[in-house]
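Student: Next comes the structure file final26.cif, holding mmCIF, C-alpha atoms.
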```cif
data_target
#
loop_
_atom_site.label_atom_id
_atom_site.label_comp_id
_atom_site.auth_asym_id
_atom_site.auth_seq_id
_atom_site.Cartn_x
_atom_site.Cartn_y
_atom_site.Cartn_z
CA MET A 1 -0.37 2.09 -16.78
CA VAL A 2 2.53 0.45 -18.65
CA LEU A 3 2.88 2.95 -21.47
CA GLU A 4 1.29 6.35 -21.75
CA PHE A 5 1.34 9.00 -24.47
CA ILE A 6 0.09 12.32 -23.11
CA SER A 7 -0.83 15.09 -25.59
CA VAL A 8 1.93 14.19 -28.03
CA TYR A 9 2.58 16.59 -30.89
CA PHE A 10 4.99 15.31 -33.52
CA ARG A 11 6.04 16.56 -36.94
CA ARG A 12 8.24 14.77 -39.45
CA ASN A 13 9.67 16.34 -42.63
CA LYS A 14 7.55 19.45 -41.97
CA ARG A 15 4.43 17.24 -41.95
CA LEU A 16 2.25 16.91 -38.90
CA ILE A 17 1.98 13.27 -37.84
CA PHE A 18 0.42 13.45 -34.39
CA ASP A 19 -1.43 16.33 -32.82
CA ASN A 20 -2.60 15.99 -29.23
CA PHE A 21 -2.20 12.22 -29.46
CA ASN A 22 -3.07 10.22 -26.34
CA LEU A 23 -2.65 6.51 -25.76
CA LYS A 24 -2.77 4.27 -22.73
CA LEU A 25 -1.48 0.72 -22.68
CA ARG A 26 -2.39 -1.34 -19.64
CA LYS A 27 -1.08 -4.58 -18.19
CA SER A 28 -2.06 -7.68 -20.23
CA GLN A 29 -3.18 -5.57 -23.15
CA ILE A 30 -2.30 -5.55 -26.86
CA ILE A 31 -2.66 -2.46 -28.99
CA ILE A 32 -2.45 -2.92 -32.76
CA LEU A 33 -1.61 0.16 -34.79
CA ILE A 34 -3.13 -0.25 -38.24
CA GLY A 35 -2.59 2.06 -41.16
CA ASP A 36 -1.23 2.48 -44.66
CA ASN A 37 2.48 2.77 -45.36
CA GLY A 38 3.93 6.09 -44.27
CA VAL A 39 1.16 7.17 -41.90
CA GLY A 40 3.43 7.18 -38.87
CA LYS A 41 3.10 3.75 -37.24
CA SER A 42 6.86 3.23 -37.02
CA SER A 43 7.31 6.84 -35.91
CA LEU A 44 4.94 6.18 -33.01
CA LEU A 45 6.99 3.16 -31.95
CA ASP A 46 10.22 5.15 -32.38
CA ILE A 47 8.76 7.84 -30.12
CA ALA A 48 7.81 5.20 -27.54
CA ALA A 49 11.38 3.82 -27.73
CA GLY A 50 12.86 7.29 -27.25
CA ILE A 51 14.59 7.40 -30.65
CA LEU A 52 12.40 10.25 -31.86
CA LYS A 53 11.44 13.10 -29.59
CA PRO A 54 8.04 14.72 -29.83
CA GLU A 55 7.91 18.50 -29.95
CA LYS A 56 5.28 18.56 -27.23
CA GLY A 57 3.85 16.02 -24.84
CA THR A 58 5.13 13.31 -22.54
CA ILE A 59 5.72 9.59 -22.83
CA LYS A 60 5.67 7.60 -19.63
CA ILE A 61 6.71 4.01 -19.06
CA ASN A 62 5.45 2.60 -15.75
CA LYS A 63 4.64 6.17 -14.73
CA THR A 64 8.26 7.33 -15.27
CA PRO A 65 8.94 9.87 -18.04
CA LEU A 66 10.98 8.26 -20.82
CA GLU A 67 13.80 10.84 -20.61
CA GLU A 68 14.42 9.93 -16.98
CA LEU A 69 15.00 6.26 -17.82
CA GLY A 70 18.25 6.88 -19.71
CA SER A 71 20.26 3.68 -20.08
CA HIS A 72 17.66 1.77 -18.00
CA LYS A 73 15.29 1.81 -20.99
CA LYS A 74 16.47 -1.64 -22.02
CA GLU A 75 15.27 -3.06 -18.69
CA LYS A 76 11.75 -1.71 -19.25
CA PHE A 77 10.92 -2.72 -22.82
CA THR A 78 12.07 -4.65 -25.88
CA TYR A 79 11.77 -3.03 -29.26
CA ILE A 80 11.88 -5.05 -32.48
CA PRO A 81 12.03 -2.48 -35.26
CA HIS A 82 11.26 -3.07 -38.93
CA LYS A 83 14.96 -3.36 -39.82
CA ASP A 84 16.41 -6.48 -38.25
CA SER A 85 19.67 -4.95 -36.84
CA LEU A 86 21.54 -8.15 -37.69
CA LYS A 87 25.15 -8.19 -38.81
CA ASP A 88 25.60 -10.08 -42.07
CA TYR A 89 29.02 -11.54 -41.30
CA LEU A 90 28.13 -12.86 -37.86
CA THR A 91 26.32 -16.15 -37.29
CA VAL A 92 22.79 -16.32 -35.89
CA GLU A 93 24.19 -17.29 -32.49
CA GLU A 94 26.83 -14.53 -32.50
CA ASN A 95 24.24 -11.91 -33.42
CA LEU A 96 22.01 -12.93 -30.54
CA THR A 97 24.82 -13.26 -28.00
CA ASN A 98 26.09 -9.83 -29.06
CA TRP A 99 22.65 -8.41 -28.40
CA LEU A 100 22.42 -10.19 -25.03
CA SER A 101 25.81 -8.85 -23.97
CA LEU A 102 24.60 -5.30 -24.61
CA LEU A 103 21.56 -6.02 -22.45
CA GLU A 104 23.70 -7.51 -19.65
CA SER A 105 21.28 -10.41 -19.62
CA ASP A 106 22.05 -13.36 -17.36
CA ILE A 107 20.34 -15.94 -19.53
CA SER A 108 21.69 -19.49 -19.26
CA LYS A 109 23.08 -21.43 -22.23
CA ASN A 110 20.27 -23.93 -21.93
CA GLU A 111 17.61 -21.21 -22.04
CA PHE A 112 19.39 -19.67 -25.02
CA TYR A 113 19.35 -22.89 -27.06
CA GLU A 114 15.74 -23.61 -26.06
CA SER A 115 14.77 -20.17 -27.37
CA LEU A 116 16.44 -20.91 -30.69
CA LYS A 117 14.28 -24.03 -31.04
CA PHE A 118 11.04 -22.02 -30.92
CA PHE A 119 11.43 -20.81 -34.52
CA ASN A 120 13.57 -23.83 -35.54
CA LEU A 121 16.69 -21.69 -35.65
CA HIS A 122 18.84 -24.23 -33.80
CA LYS A 123 19.64 -25.95 -37.10
CA ILE A 124 20.99 -22.78 -38.64
CA SER A 125 22.49 -21.20 -35.52
CA GLN A 126 26.03 -21.43 -36.94
CA ASN A 127 25.08 -19.97 -40.34
CA GLN A 128 26.12 -16.45 -41.23
CA VAL A 129 23.12 -14.14 -41.38
CA ILE A 130 24.07 -13.05 -44.92
CA ASN A 131 23.02 -16.53 -46.12
CA LEU A 132 19.55 -16.41 -44.56
CA SER A 133 16.26 -15.57 -46.25
CA HIS A 134 14.19 -12.53 -45.28
CA GLY A 135 11.81 -14.71 -43.24
CA GLN A 136 14.64 -16.45 -41.41
CA ARG A 137 16.20 -13.09 -40.54
CA LYS A 138 12.84 -11.96 -39.18
CA LYS A 139 12.68 -15.08 -37.00
CA VAL A 140 16.16 -14.34 -35.63
CA SER A 141 15.10 -10.85 -34.65
CA LEU A 142 11.84 -12.16 -33.10
CA THR A 143 13.86 -14.66 -31.05
CA LYS A 144 15.08 -11.63 -29.10
CA LEU A 145 11.59 -11.55 -27.55
CA LEU A 146 12.10 -15.04 -26.13
CA LEU A 147 15.45 -13.98 -24.70
CA SER A 148 14.22 -10.75 -23.17
CA LYS A 149 12.72 -10.52 -19.73
CA THR A 150 10.88 -7.23 -20.16
CA LYS A 151 7.14 -6.87 -19.75
CA LEU A 152 6.61 -4.33 -22.52
CA TRP A 153 7.19 -5.21 -26.17
CA LEU A 154 7.18 -2.76 -29.05
CA LEU A 155 6.90 -4.63 -32.35
CA ASP A 156 7.10 -3.01 -35.76
CA GLU A 157 5.42 -5.17 -38.43
CA PRO A 158 6.30 -8.45 -36.63
CA PHE A 159 4.54 -10.72 -39.15
CA ASN A 160 6.23 -9.30 -42.26
CA GLY A 161 8.07 -11.97 -44.22
CA LEU A 162 6.93 -14.84 -41.99
CA ASP A 163 5.33 -17.98 -43.41
CA SER A 164 1.93 -19.00 -41.99
CA SER A 165 3.28 -21.51 -39.45
CA SER A 166 5.87 -19.04 -38.16
CA ALA A 167 3.23 -16.29 -38.03
CA ASN A 168 1.07 -18.60 -35.90
CA LYS A 169 4.02 -19.28 -33.62
CA CYS A 170 4.55 -15.55 -33.32
CA LYS A 171 0.89 -15.08 -32.41
CA ALA A 172 1.22 -17.83 -29.78
CA LEU A 173 4.28 -16.05 -28.41
CA ILE A 174 2.30 -12.81 -28.17
CA HIS A 175 -0.63 -14.50 -26.38
CA ASN A 176 1.72 -16.22 -23.98
CA HIS A 177 3.32 -12.88 -23.12
CA ILE A 178 -0.10 -11.36 -22.47
CA LYS A 179 -1.03 -14.28 -20.22
CA ASN A 180 2.12 -13.57 -18.21
CA ASN A 181 0.98 -9.98 -17.55
CA GLY A 182 2.96 -8.53 -20.41
CA SER A 183 1.87 -5.66 -22.65
CA ILE A 184 2.39 -5.24 -26.37
CA ILE A 185 2.05 -2.46 -28.87
CA LEU A 186 2.50 -3.60 -32.45
CA SER A 187 2.11 -2.08 -35.86
CA SER A 188 0.78 -3.57 -39.07
CA HIS A 189 -0.33 -2.31 -42.45
CA ILE A 190 -2.79 -5.22 -42.68
CA ASN A 191 -5.94 -5.42 -40.59
CA PHE A 192 -5.87 -8.78 -38.79
CA GLU A 193 -7.43 -10.37 -35.73
CA LEU A 194 -5.61 -11.05 -32.50
CA LYS A 195 -7.36 -12.11 -29.29
CA ALA A 196 -7.78 -9.48 -26.56
CA SER A 197 -6.38 -6.75 -28.75
CA LYS A 198 -7.43 -3.15 -29.18
CA LYS A 199 -7.00 -1.58 -32.61
CA ILE A 200 -6.02 1.95 -33.44
CA PHE A 201 -6.44 3.03 -37.04
CA ILE A 202 -3.96 5.70 -38.06
CA LYS A 203 -4.96 7.74 -41.10
CA LYS A 204 -2.91 9.86 -43.47
CA PRO A 205 -3.27 13.56 -42.73
CA LYS A 206 -5.41 15.51 -45.22
CA LYS A 207 -3.49 18.01 -47.33
CA ASN A 208 -6.08 20.78 -47.02
CA ASP A 209 -6.24 20.52 -43.27
CA LYS A 210 -4.65 23.65 -41.82
CA GLN A 211 -3.20 21.82 -38.86
CA LYS A 212 -1.73 19.04 -40.94
CA SER A 213 0.63 21.11 -43.05
CA PHE A 214 3.43 23.22 -41.73
CA LYS A 215 3.67 26.83 -42.83
CA PHE A 216 6.46 29.14 -41.90
CA ASN A 217 5.25 31.93 -39.64
CA SER A 218 8.22 32.80 -37.50
CA TRP A 219 11.65 31.44 -36.60
CA ASP A 220 10.18 30.20 -33.33
CA ASP A 221 8.19 27.62 -35.32
CA ILE A 222 11.33 25.92 -36.60
CA MET B 1 32.42 3.31 -18.68
CA LYS B 2 31.12 -0.25 -18.48
CA ASP B 3 28.75 0.53 -21.36
CA PHE B 4 31.65 1.92 -23.36
CA PHE B 5 33.76 -1.23 -23.08
CA LYS B 6 30.74 -3.46 -23.75
CA LEU B 7 30.02 -1.58 -26.95
CA LEU B 8 33.69 -1.44 -27.95
CA LYS B 9 33.95 -5.21 -27.53
CA ARG B 10 30.91 -5.67 -29.77
CA GLU B 11 32.29 -3.31 -32.43
CA ILE B 12 35.68 -5.04 -32.45
CA ARG B 13 34.02 -8.44 -32.79
CA ILE B 14 31.93 -7.21 -35.75
CA CYS B 15 34.98 -5.60 -37.39
CA MET B 16 37.08 -8.72 -37.02
CA ASN B 17 34.39 -10.86 -38.62
CA ASN B 18 34.03 -8.52 -41.57
CA SER B 19 37.55 -8.80 -43.00
CA SER B 20 36.42 -7.30 -46.31
CA ILE B 21 36.69 -3.82 -44.73
CA PHE B 22 40.39 -4.25 -44.00
CA PHE B 23 41.05 -5.82 -47.40
CA SER B 24 39.29 -3.01 -49.28
CA PHE B 25 41.32 -0.49 -47.26
CA SER B 26 44.69 -2.16 -47.84
CA THR B 27 44.00 -2.92 -51.52
CA PHE B 28 42.98 0.66 -52.21
CA PHE B 29 45.97 2.02 -50.28
CA ILE B 30 48.58 -0.16 -51.99
CA THR B 31 47.22 0.00 -55.54
CA SER B 32 46.69 3.77 -55.43
CA SER B 33 50.25 4.31 -54.15
CA LEU B 34 51.52 2.00 -56.88
CA ILE B 35 49.64 3.91 -59.57
CA PHE B 36 51.33 7.13 -58.43
CA VAL B 37 54.72 5.45 -58.68
CA PHE B 38 53.96 4.37 -62.25
CA ALA B 39 52.63 7.82 -63.13
CA LEU B 40 55.86 9.55 -62.13
CA ASP B 41 58.20 10.10 -65.02
CA ASP B 42 61.45 10.70 -63.18
CA LEU B 43 61.94 7.99 -60.56
CA THR B 44 65.21 9.51 -59.28
CA ASN B 45 63.21 12.17 -57.42
CA ILE B 46 60.54 9.80 -56.20
CA ILE B 47 61.43 10.37 -52.54
CA VAL B 48 60.32 14.03 -52.86
CA PHE B 49 56.77 12.99 -53.72
CA TYR B 50 56.16 10.21 -51.24
CA LYS B 51 54.65 12.34 -48.46
CA PRO B 52 51.82 14.03 -50.39
CA VAL B 53 51.09 10.78 -52.25
CA VAL B 54 50.95 8.61 -49.14
CA TRP B 55 48.81 11.08 -47.19
CA VAL B 56 46.31 11.80 -49.94
CA VAL B 57 45.93 8.08 -50.63
CA LEU B 58 45.65 7.35 -46.91
CA ILE B 59 42.90 9.95 -46.43
CA PHE B 60 40.88 8.59 -49.34
CA SER B 61 41.34 5.01 -48.14
CA ILE B 62 40.07 5.95 -44.67
CA MET B 63 37.10 7.79 -46.18
CA LEU B 64 36.24 4.77 -48.34
CA VAL B 65 36.29 2.42 -45.36
CA SER B 66 34.38 4.69 -43.02
CA GLU B 67 31.59 5.00 -45.61
CA ASN B 68 31.09 1.22 -45.59
CA PHE B 69 31.53 1.12 -41.84
CA LEU B 70 28.61 3.39 -41.03
CA HIS B 71 26.30 2.81 -43.99
CA GLU B 72 26.04 -0.85 -43.05
CA ASP B 73 25.08 0.07 -39.49
CA TYR B 74 22.52 2.54 -40.75
CA SER B 75 20.94 0.28 -43.35
CA ASP B 76 20.63 -2.79 -41.10
CA GLY B 77 19.13 -0.69 -38.29
CA SER B 78 21.85 -1.37 -35.72
CA LEU B 79 22.62 2.34 -35.33
CA LYS B 80 19.01 2.81 -34.25
CA GLU B 81 19.13 -0.29 -32.05
CA LEU B 82 22.13 1.01 -30.12
CA GLN B 83 20.30 4.29 -29.53
CA PHE B 84 17.19 2.67 -28.07
CA LEU B 85 19.30 0.33 -25.97
CA GLY B 86 20.30 3.50 -24.16
CA PHE B 87 23.83 4.11 -25.47
CA SER B 88 24.57 7.77 -25.89
CA GLU B 89 25.40 9.04 -29.38
CA GLU B 90 28.86 10.10 -28.16
CA THR B 91 29.59 6.59 -26.88
CA ILE B 92 28.45 5.03 -30.16
CA PHE B 93 30.59 7.44 -32.22
CA LEU B 94 33.66 7.01 -30.02
CA CYS B 95 33.41 3.20 -29.97
CA LYS B 96 33.02 3.01 -33.72
CA SER B 97 36.03 5.31 -34.23
CA LEU B 98 38.17 3.38 -31.80
CA ALA B 99 37.21 0.01 -33.28
CA MET B 100 37.98 1.26 -36.78
CA TRP B 101 41.35 2.64 -35.67
CA LEU B 102 42.33 -0.54 -33.80
CA ILE B 103 41.18 -3.09 -36.37
CA ILE B 104 41.84 -1.31 -39.64
CA LEU B 105 44.39 1.44 -39.21
CA ILE B 106 46.82 -0.08 -36.75
CA PRO B 107 47.32 -3.18 -38.94
CA ALA B 108 47.75 -0.79 -41.87
CA VAL B 109 51.02 0.35 -40.28
CA PHE B 110 52.38 -3.02 -41.35
CA LEU B 111 51.84 -1.99 -44.94
CA MET B 112 54.61 0.56 -44.50
CA PRO B 113 57.42 -1.77 -45.66
CA ILE B 114 55.63 -1.99 -49.03
CA ILE B 115 55.65 1.82 -49.27
CA LEU B 116 59.34 1.66 -48.41
CA ILE B 117 59.93 -0.47 -51.52
CA PHE B 118 57.77 1.70 -53.79
CA PHE B 119 59.34 5.01 -52.83
CA LYS B 120 62.86 3.86 -51.94
CA LEU B 121 62.53 5.28 -48.43
CA SER B 122 65.22 5.04 -45.79
CA TYR B 123 64.55 3.30 -42.46
CA ASN B 124 64.47 6.71 -40.78
CA ASP B 125 61.78 8.02 -43.17
CA VAL B 126 59.64 4.96 -42.61
CA LEU B 127 59.93 5.38 -38.86
CA LYS B 128 58.80 9.00 -39.17
CA LEU B 129 55.96 7.97 -41.44
CA PHE B 130 54.97 5.26 -38.97
CA LEU B 131 54.90 7.77 -36.07
CA ASN B 132 52.99 10.31 -38.16
CA ILE B 133 50.39 7.74 -39.16
CA PHE B 134 50.10 6.46 -35.60
CA ILE B 135 49.46 9.93 -34.21
CA SER B 136 47.37 11.50 -36.96
CA THR B 137 45.08 8.58 -37.88
CA PRO B 138 42.86 8.95 -34.77
CA SER B 139 41.95 12.47 -35.97
CA LEU B 140 41.54 11.26 -39.56
CA THR B 141 39.27 8.43 -38.35
CA LEU B 142 37.07 10.81 -36.37
CA ILE B 143 36.75 13.25 -39.28
CA SER B 144 36.06 10.54 -41.86
CA LEU B 145 33.40 8.91 -39.68
CA LEU B 146 31.80 12.32 -39.29
CA SER B 147 31.93 12.62 -43.06
CA ALA B 148 30.22 9.22 -43.42
CA LEU B 149 27.49 10.33 -41.01
CA PHE B 150 27.05 13.48 -43.10
CA SER B 151 26.60 11.40 -46.22
CA ILE B 152 23.82 9.41 -44.53
CA GLN B 153 22.14 12.57 -43.33
CA LEU B 154 22.47 14.30 -46.71
CA LYS B 155 21.15 11.19 -48.51
CA ARG B 156 24.50 10.51 -50.15
CA ASN B 157 24.94 14.02 -51.50
CA LYS B 158 28.69 13.66 -52.02
CA ILE B 159 29.38 17.22 -53.17
CA VAL B 160 28.06 18.86 -50.01
CA GLN B 161 29.75 16.20 -47.91
CA PHE B 162 33.17 16.83 -49.47
CA VAL B 163 32.83 20.61 -49.38
CA ILE B 164 31.98 20.54 -45.68
CA ILE B 165 34.39 17.84 -44.51
CA LEU B 166 37.50 18.00 -46.71
CA PRO B 167 38.77 21.31 -45.24
CA PHE B 168 39.08 19.57 -41.85
CA PHE B 169 41.74 17.29 -43.30
CA ILE B 170 43.94 20.20 -44.44
CA PRO B 171 45.66 21.04 -41.11
CA ILE B 172 46.56 17.38 -40.60
CA VAL B 173 47.97 17.08 -44.12
CA ILE B 174 49.98 20.29 -43.64
CA PHE B 175 51.60 19.14 -40.41
CA THR B 176 52.31 15.63 -41.60
CA THR B 177 54.00 16.62 -44.84
CA THR B 178 56.09 19.72 -44.17
CA SER B 179 58.88 18.73 -41.77
CA GLU B 180 61.63 18.61 -44.40
CA ASN B 181 61.33 22.31 -45.18
CA PHE B 182 62.81 23.45 -41.91
CA ALA B 183 66.42 24.00 -40.99
CA GLU B 184 66.43 21.47 -38.17
CA PRO B 185 64.18 18.65 -39.31
CA SER B 186 64.85 16.39 -36.35
CA LYS B 187 63.89 19.08 -33.84
CA TYR B 188 60.91 20.15 -35.88
CA PHE B 189 59.64 16.57 -36.09
CA GLY B 190 59.03 16.47 -32.33
CA ASP B 191 57.09 19.74 -32.44
CA GLN B 192 55.15 18.50 -35.42
CA LEU B 193 54.03 15.41 -33.51
CA LEU B 194 52.96 17.60 -30.60
CA ILE B 195 50.90 19.75 -32.97
CA LEU B 196 49.26 16.59 -34.37
CA ILE B 197 48.43 15.47 -30.83
CA GLY B 198 47.00 18.96 -30.23
CA ILE B 199 44.88 18.67 -33.38
CA PHE B 200 43.55 15.35 -32.09
CA PHE B 201 42.45 16.93 -28.81
CA ILE B 202 40.60 19.63 -30.75
CA THR B 203 39.10 17.17 -33.24
CA LEU B 204 37.86 14.75 -30.58
CA PRO B 205 35.28 16.94 -28.80
CA VAL B 206 34.24 18.73 -32.01
CA CYS B 207 33.62 15.43 -33.84
CA LEU B 208 31.84 13.86 -30.85
CA TYR B 209 29.49 16.82 -30.56
CA ALA B 210 28.86 17.09 -34.32
CA GLY B 211 28.46 13.29 -34.57
CA LYS B 212 25.87 13.33 -31.80
CA LEU B 213 23.86 16.06 -33.54
CA ILE B 214 23.97 14.31 -36.93
CA MET B 215 22.99 10.95 -35.42
CA ARG B 216 19.94 12.58 -33.88
CA GLU B 217 19.08 14.22 -37.20
CA ILE B 218 19.39 10.95 -39.14
CA ASN B 219 16.38 9.46 -37.34
CA LYS B 220 14.15 12.48 -37.96
#
```
With the file now loaded, output its structure as structure tokens.

Tutor:
Amino acid sequence: MVLEFISVYFRRNKRLIFDNFNLKLRKSQIIILIGDNGVGKSSLLDIAAGILKPEKGTIKINKTPLEELGSHKKEKFTYIPHKDSLKDYLTVEENLTNWLSLLESDISKNEFYESLKFFNLHKISQNQVINLSHGQRKKVSLTKLLLSKTKLWLLDEPFNGLDSSSANKCKALIHNHIKNNGSIILSSHINFELKASKKIFIKKPKKNDKQKSFKFNSWDDI
Amino acid sequence: MKDFFKLLKREIRICMNNSSIFFSFSTFFITSSLIFVFALDDLTNIIVFYKPVVWVVLIFSIMLVSENFLHEDYSDGSLKELQFLGFSEETIFLCKSLAMWLIILIPAVFLMPIILIFFKLSYNDVLKLFLNIFISTPSLTLISLLSALFSIQLKRNKIVQFVIILPFFIPIVIFTTTSENFAEPSKYFGDQLLILIGIFFITLPVCLYAGKLIMREINK
């Protein structure tokens, strides 16, 4: 099992998001999280990345609890969140090399420039990110996938802002990763088809559901 | 430690590329000091006022810069990215503070000759001011970055932010502005610097701990 959610209970802004949530992601498998805006897709990915901590339950990556991974998390998975994490005043190349230096990646210059070519970013590699369009910024952040050597990818709305040809390239990238025994969990607010994928529909909690709303009973609840 | 230097290098590189931060700091600092000079009626006593003016303006300039410094990181998602890359919140906070101090506040010391012209300061006064700024700005940086984190957490609720954070600046302002009131100013100046160093060693762990807690809260 590459990624495992075991009985996860998570509340955000006093609202219950996940109660006894279980998920298993295997080798060469894609899980697509589908749901409306604000249902908790990004929260689920944030929990998997260890940014948010569930109140109850365990998250395991390759059978190791997430808390035990510490700074080794970056060797186990690559997370591309909704926000691109790019610095406006740095060039495309500087942004990516900065990211690689934090990962301690030993990628060669040749490999680096080849990766830039995948989304046609080599022509704009010396441009400051502030001058790029939303789609181009998205492509820069997706290029991180080509530069990473991890088997598990967590992708938050990867197709947002991409034109159709770039979206197809992204799909090809995903399929290629799966072929190479990789695993992916991605979120989307649009229901779309992707080969060999398993879909999970996340619904908004009902207001009248007792479990879904948080009521103050004792200080221990807080 | 390796992680710390890696992150510090990244922060310095980002700071150096975004020169607008330093320019907004220096412009605010110089123009605000200049406005005070123009606002004073009797310029013969201008030397009496330079300490409170310089320190209040300096604190507000640092607060202005630190706001931009962290809001950018929060809005582009890089604060989150650093957290999932496995950097501890303390390391992130310390690296950001150190980068801000090295790239923005140390060069600001070179603005001191301009202050010398505005307030007709002697060489000795400027030297004292330089030492005071050098020793107290690390604490001011830590507190103002904490304040910026607060503003993110409180969704830019400035009133609460100022009420909570501004009192932390008071001890530093007191010990940087009062040396002339004592009988032996030269002897007192050394003690004053030691007190400022002491304040830094209290501020450092408190800010690191509070910064860590706020950073965790921001993502919730």

Student: Nearest to chain A among B:Ile35, B:Leu8, B:Leu145, B:Cys207, with distances taken over all atoms listed in the file: which residue is it?

Tutor: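 Checking each candidate against chain A, we get B:Leu8 as the closest.
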
Student: Could you please select, counting all atoms listed in the file, the residues of chain A within 10 Å of chain B and state them as a ChimeraX atom specification?

Tutor: /A:11-13,43,46,48-53,69-75,77-91,94-95,97-99,101-104

Student: Which is closer to Ser105 of chain A than all the others in A:Gly135, A:Ile202, A:Ile124, A:Lys144, using only C-alpha atoms?

Tutor: A:Lys144

Student: Provide the atom CA of Lys96 of chain B to atom CA of Leu44 of chain A distance in Å, to one decimal place.

Tutor: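 Separation between atom CA of Lys96 of chain B and atom CA of Leu44 of chain A: 28.3 Å.
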
Student: Using all atoms listed in the file, which residue out of B:Phe134, B:Phe150, B:Phe175, B:Phe118 lies closest to Tyr50 of chain B?

Tutor: B:Phe118

Student: Measuring atom to atom with only C-alpha atoms, identify which of A:Ile6, A:Leu154, A:Ile190, A:Cys170 is nearest to Leu142 of chain A.

Tutor: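 Of A:Ile6, A:Leu154, A:Ile190, A:Cys170, the one nearest Leu142 of chain A, counting only C-alpha atoms, is A:Cys170.
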
Student: In Å to one decimal, how far is atom CA of Gln29 of chain A from atom CA of Glu114 of chain A?

Tutor: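 These atoms are spaced 26.3 Å apart.
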
Student: Convert the output of the PyMOL selection byres ((chain B and resi 111) around 12) on the shown file into explicit residues, formatted as a ChimeraX atom specification.

Tutor: /B:22-23,25-31,33,54,58,104-110,112-118,126,129-130,133

Student: Just to confirm, what's the straight-line distance from atom CA of Leu96 of chain A to atom CA of Asn120 of chain A in Å (one decimal)?

Tutor: 14.7 Å

Student: Which residues are near Leu3 of chain A? Cut-off 6 Å, only C-alpha atoms, ignore same chain within fewer than 5 positions. Put them as a ChimeraX atom specification.

Tutor: /A:24-25,60-61

Student: Residues within 12 Å of Ile184 of chain A, please, as a compact mmCIF listing (two decimals) with C-alpha atoms, in the coordinates of the input. Count only C-alpha atoms; anything in the same chain fewer than 3 positions from it doesn't count.

Tutor:
```
# COMPACT_ATOMS: atom_id res chain seq x y z
CA VAL A 2 2.53 0.45 -18.65
CA LEU A 3 2.88 2.95 -21.47
CA LYS A 24 -2.77 4.27 -22.73
CA LEU A 25 -1.48 0.72 -22.68
CA ARG A 26 -2.39 -1.34 -19.64
CA LYS A 27 -1.08 -4.58 -18.19
CA SER A 28 -2.06 -7.68 -20.23
CA GLN A 29 -3.18 -5.57 -23.15
CA ILE A 30 -2.30 -5.55 -26.86
CA ILE A 31 -2.66 -2.46 -28.99
CA ILE A 32 -2.45 -2.92 -32.76
CA LEU A 33 -1.61 0.16 -34.79
CA LEU A 45 6.99 3.16 -31.95
CA ALA A 48 7.81 5.20 -27.54
CA PHE A 77 10.92 -2.72 -22.82
CA THR A 78 12.07 -4.65 -25.88
CA TYR A 79 11.77 -3.03 -29.26
CA ILE A 80 11.88 -5.05 -32.48
CA LEU A 145 11.59 -11.55 -27.55
CA THR A 150 10.88 -7.23 -20.16
CA LYS A 151 7.14 -6.87 -19.75
CA LEU A 152 6.61 -4.33 -22.52
CA TRP A 153 7.19 -5.21 -26.17
CA LEU A 154 7.18 -2.76 -29.05
CA LEU A 155 6.90 -4.63 -32.35
CA ASP A 156 7.10 -3.01 -35.76
CA PRO A 158 6.30 -8.45 -36.63
CA LYS A 171 0.89 -15.08 -32.41
CA LEU A 173 4.28 -16.05 -28.41
CA ILE A 174 2.30 -12.81 -28.17
CA HIS A 175 -0.63 -14.50 -26.38
CA ASN A 176 1.72 -16.22 -23.98
CA HIS A 177 3.32 -12.88 -23.12
CA ILE A 178 -0.10 -11.36 -22.47
CA LYS A 179 -1.03 -14.28 -20.22
CA ASN A 180 2.12 -13.57 -18.21
CA ASN A 181 0.98 -9.98 -17.55
CA SER A 187 2.11 -2.08 -35.86
CA LEU A 194 -5.61 -11.05 -32.50
CA ALA A 196 -7.78 -9.48 -26.56
CA SER A 197 -6.38 -6.75 -28.75
CA LYS A 198 -7.43 -3.15 -29.18
CA LYS A 199 -7.00 -1.58 -32.61
```

Student: Go ahead and fit an axis-aligned box to every listed atom of segment 203-208 of chain B plus 4 Å each side, and pass me the centre and edge lengths in Å, one decimal, as lines of an AutoDock Vina configuration file.

Tutor:
```
center_x = 35.5
center_y = 16.3
center_z = -31.3
size_x = 15.3
size_y = 12.9
size_z = 13.0
```

Student: With 9 Å as the threshold, what does the neighbourhood of (35.5, 10.5, -36.4) contain in terms of residues, counting all atoms listed in the file? Coordinates are those of the file; answer as a compact mmCIF listing (two decimals) with C-alpha atoms, in the coordinates of the input.

Tutor:
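Generated file (out00.txt):
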```txt
# COMPACT_ATOMS: atom_id res chain seq x y z
CA SER B 66 34.38 4.69 -43.02
CA PHE B 93 30.59 7.44 -32.22
CA LEU B 94 33.66 7.01 -30.02
CA LYS B 96 33.02 3.01 -33.72
CA SER B 97 36.03 5.31 -34.23
CA LEU B 98 38.17 3.38 -31.80
CA PRO B 138 42.86 8.95 -34.77
CA SER B 139 41.95 12.47 -35.97
CA LEU B 140 41.54 11.26 -39.56
CA THR B 141 39.27 8.43 -38.35
CA LEU B 142 37.07 10.81 -36.37
CA ILE B 143 36.75 13.25 -39.28
CA SER B 144 36.06 10.54 -41.86
CA LEU B 145 33.40 8.91 -39.68
CA LEU B 146 31.80 12.32 -39.29
CA SER B 147 31.93 12.62 -43.06
CA ALA B 148 30.22 9.22 -43.42
CA THR B 203 39.10 17.17 -33.24
CA LEU B 204 37.86 14.75 -30.58
CA CYS B 207 33.62 15.43 -33.84
CA LEU B 208 31.84 13.86 -30.85
CA GLY B 211 28.46 13.29 -34.57
```
